[in-house]
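Trainee: Shown below is the structure under consideration.
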Protein chains: 2
Amino acid sequence: MAKIRQRKNSTRKETIIETAARLFRERGFSATSMRDLAEQVGVEAASLYNHISSKAEILQELCFKVANKFMSHIDKVDTEDITAIKKIEAVLRFHIQQMVHHYEEVYVSDREWKHLTDPYLSNIQTQRRVYRQRIASIIEDGIRKNEIKKIDAPTAVLIMLHAVSGIESWHRSKEKISGEILEENMITILIGGLQNK
Amino acid sequence: MAKIRQRKNSTRKETIIETAARLFRERGFSATSMRDLAEQVGVEAASLYNHISSKAEILQELCFKVANKFMSHIDKVDTEDITAIKKIEAVLRFHIQQMVHHYEEVYVSDREWKHLTDPYLSNIQTQRRVYRQRIASIIEDGIRKNEIKKIDAPTAVLIMLHAVSGIESWHRSKEKISGEILEENMITILIGGLQNK
DNA sequence: TAGTATAACTAACATTTGTTACCAGTTAGT
DNA sequence: ACTAACTGGTAACAAATGTTAGTTATACTA
């Protein structure tokens with residue numbers, strides 16, 4: 001029972017969270033009501049509460065899932081023995097791939113985290129700050145080693161991360177180039193812009 | 001009376017819209033209530049309706065004001081007799097300056113236009129599409145003339161515009177570099193990334 | 001001084017919101 | 001077969017939402 005409860009519960013819960021991610025992306029967290037969500041899931045609003053404990057919890061799960069994913073990745077990249085510019089490229093490629101393949105959850109957690117409430121809000125703010133600082137440190141390292149142009153590292157981080165979130169437009173556009181070509185184009189422009197020639 | 005009504009009315013209306021821009025930026029359009037707005041203006045919620053006709057109207061005014069501003073600017077740039085890369089640089093610098101000096105309204109109109117309703121929604125969607133296409137055309141022209149790397153133009157536009165919206169992080173950061181240095185850094189990276197060497 | 005437009009207020013409205021309490025049918029393990 | 005968990009539904013809630021109606025005080029114009 002415990003086992004089965006776990007499995008069934010989480011499957012249904014996952015459906016709800018995935019559906020919520022799509023709606024939060026389309027309409028925003030605040031503009032999405034539990035009744036909207038229920039309708040898309042095919043259930044009454046009250047029934048959602050058999051699987052989740054609040055609307056806020058859905059956003060929390062989305063945000064922390066994504067935050068953890070990016071944090072683990074930069075952990076891995078940072079231990080590799082490659083040049084700073086290669087590290088930045090690896091981080092950038094990961095961001096692009098995540099935005100291409102896990103669009104909804106990544107986009108939502110990036111745009112809607114402000115609607116978290118306090119223990120979670122502070123937590124995610126800290127995580128985001130730490131994450132950006134780690135990228136900035138890699139860039140500063142690259143500048144010292146003359147691999148990267150002499151620029152303001154936080155500004156470079158800001159450009160990188162926000163450029164990636166623009167992949168939203170790509171998703172919505174009619175005639176999409178492939179994800180791979182998108183990735184190469186973005187790398188060309190952004191790494192090209194950072195790199196010292 | 002007409003004169004004074006006009007002047008007083010628009011002053012008060014402007015205050016409301018400016019305050020709304022700040023709140024919409026901080027909390028989002030949907031998460032900002034008319035009572036929140038009224039409180040910040042220092043008035044009861046119902047009193048707002050002496051100056052504006054609806055919450056939606058506030059967003060409309062913000063979005064179209066900003067859209068018109070950018071559209072006029074690209075009109076001007078496009079008639080100038082300069083290289084394609086210089087045109088792109090001019091557009092980019094204008095975006096950066098607008099984001100630095102008219103942060104709230106530019107940011108809000110960029111993030112919250114989805115909450116417009118239909119005659120206005122379609123209108124702004126078209127304007128945004130046309131605007132991006134015009135930048136893409138300049139880029140394609142630059143590619144033909146070998147001033148710009150052989151990249152996918154819509155992708156370059158996407159990167160440019162979204163990178164600029166990242167100036168939001170700069171506004172929120174404690175130790176800001178100056179607006180001018182920010183601008184030069186962004187130009188270095190982005191124009192450096194586009195330009196053919 | 002009388003008259004009029006402005007801009008504020010209070011009270012109230014109809015909806016929509018997130019959520020809870022409670023009940024019923026189905027499923028799965030003993 | 002019996003029990004317990006799971007998952008759904010109905011009804012309802014208190015609070016919050018955008019907005020309207022009606023009133024009043026102020027201030028400028030004639």
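In the structure tokens, chains take the letters A, B, ... in the order shown, each chain's residues start at 1, and ligands count up from 1 in the order shown.
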Counting only C-alpha atoms (C1' of nucleotides), which residues from chain A have an atom at most 10 Å from any atom of chain C, and could you show them as a VMD selection string?
Mentor: chain A and resid 1 4 33 to 35 45 to 46 49 53 to 55
Trainee: How about saving the chosen residues, N, CA and C atoms kept, as an mmCIF file, in the first residue's frame?
Mentor:
data_model
loop_
_atom_site.group_PDB
_atom_site.id
_atom_site.type_symbol
_atom_site.label_atom_id
_atom_site.label_comp_id
_atom_site.auth_asym_id
_atom_site.auth_seq_id
_atom_site.Cartn_x
_atom_site.Cartn_y
_atom_site.Cartn_z
ATOM 1 N N MET A 1 0.837 -1.215 0.000
ATOM 2 C CA MET A 1 0.000 0.000 0.000
ATOM 3 C C MET A 1 0.859 1.247 0.000
ATOM 4 N N ILE A 4 2.456 1.289 -3.388
ATOM 5 C CA ILE A 4 1.518 1.618 -4.454
ATOM 6 C C ILE A 4 1.011 3.053 -4.328
ATOM 7 N N SER A 33 -5.778 29.954 -12.590
ATOM 8 C CA SER A 33 -6.544 29.559 -11.407
ATOM 9 C C SER A 33 -6.530 28.042 -11.269
ATOM 10 N N MET A 34 -6.813 27.609 -10.086
ATOM 11 C CA MET A 34 -6.876 26.165 -9.836
ATOM 12 C C MET A 34 -7.988 25.524 -10.663
ATOM 13 N N ARG A 35 -8.998 26.299 -10.978
ATOM 14 C CA ARG A 35 -10.080 25.763 -11.818
ATOM 15 C C ARG A 35 -9.619 25.621 -13.272
ATOM 16 N N ALA A 45 -11.728 21.130 -9.482
ATOM 17 C CA ALA A 45 -10.648 21.853 -8.792
ATOM 18 C C ALA A 45 -10.328 21.232 -7.437
ATOM 19 N N ALA A 46 -11.369 20.886 -6.712
ATOM 20 C CA ALA A 46 -11.141 20.350 -5.365
ATOM 21 C C ALA A 46 -10.364 19.044 -5.392
ATOM 22 N N TYR A 49 -6.558 18.647 -4.835
ATOM 23 C CA TYR A 49 -5.993 18.651 -3.486
ATOM 24 C C TYR A 49 -5.829 17.252 -2.897
ATOM 25 N N SER A 53 -0.833 19.915 -2.127
ATOM 26 C CA SER A 53 -1.381 20.529 -0.928
ATOM 27 C C SER A 53 -1.739 22.003 -1.118
ATOM 28 N N SER A 54 -1.206 22.624 -2.136
ATOM 29 C CA SER A 54 -1.582 24.009 -2.418
ATOM 30 C C SER A 54 -1.064 24.415 -3.797
ATOM 31 N N LYS A 55 -1.584 25.511 -4.291
ATOM 32 C CA LYS A 55 -1.110 26.061 -5.553
ATOM 33 C C LYS A 55 0.372 26.437 -5.422
#
Trainee: Can you tell me which residues surround stretch 151-165 of chain A at a distance of at most 8 Å, considering only C-alpha atoms (C1' of nucleotides), apart from same-chain residues fewer than 2 positions away, and format the answer as a PyMOL selection string?
Mentor: (chain A and resi 92+95-96+99+107+132-133+135-137+139-140+143+149+167-168+190+194) or (chain B and resi 158-167+169-170+182+185-186+189)
Trainee: Please, which residues of stretch 20-124 of chain B, numbered as in this document, come out helix (DSSP H, G or I) from DSSP, as an MDAnalysis selection string?
Mentor: chainID B and resid 20:27 34:41 45:50 55:79 84:101 103:115 118:124
Trainee: Quick one: everything within 10 Å of B:Glu26, counting only C-alpha atoms (C1' of nucleotides), minus sequence neighbours fewer than 4 positions away in the same chain. Send it as a count of residues only.
Mentor: 8
Trainee: From the set D:DA4, D:DA15, D:DC28, D:DA21, which residue has the shortest atom-to-atom contact distance to chain B, counting only C-alpha atoms (C1' of nucleotides)?
Mentor: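 Closest to chain B, using only C-alpha atoms (C1' of nucleotides): D:DC28.
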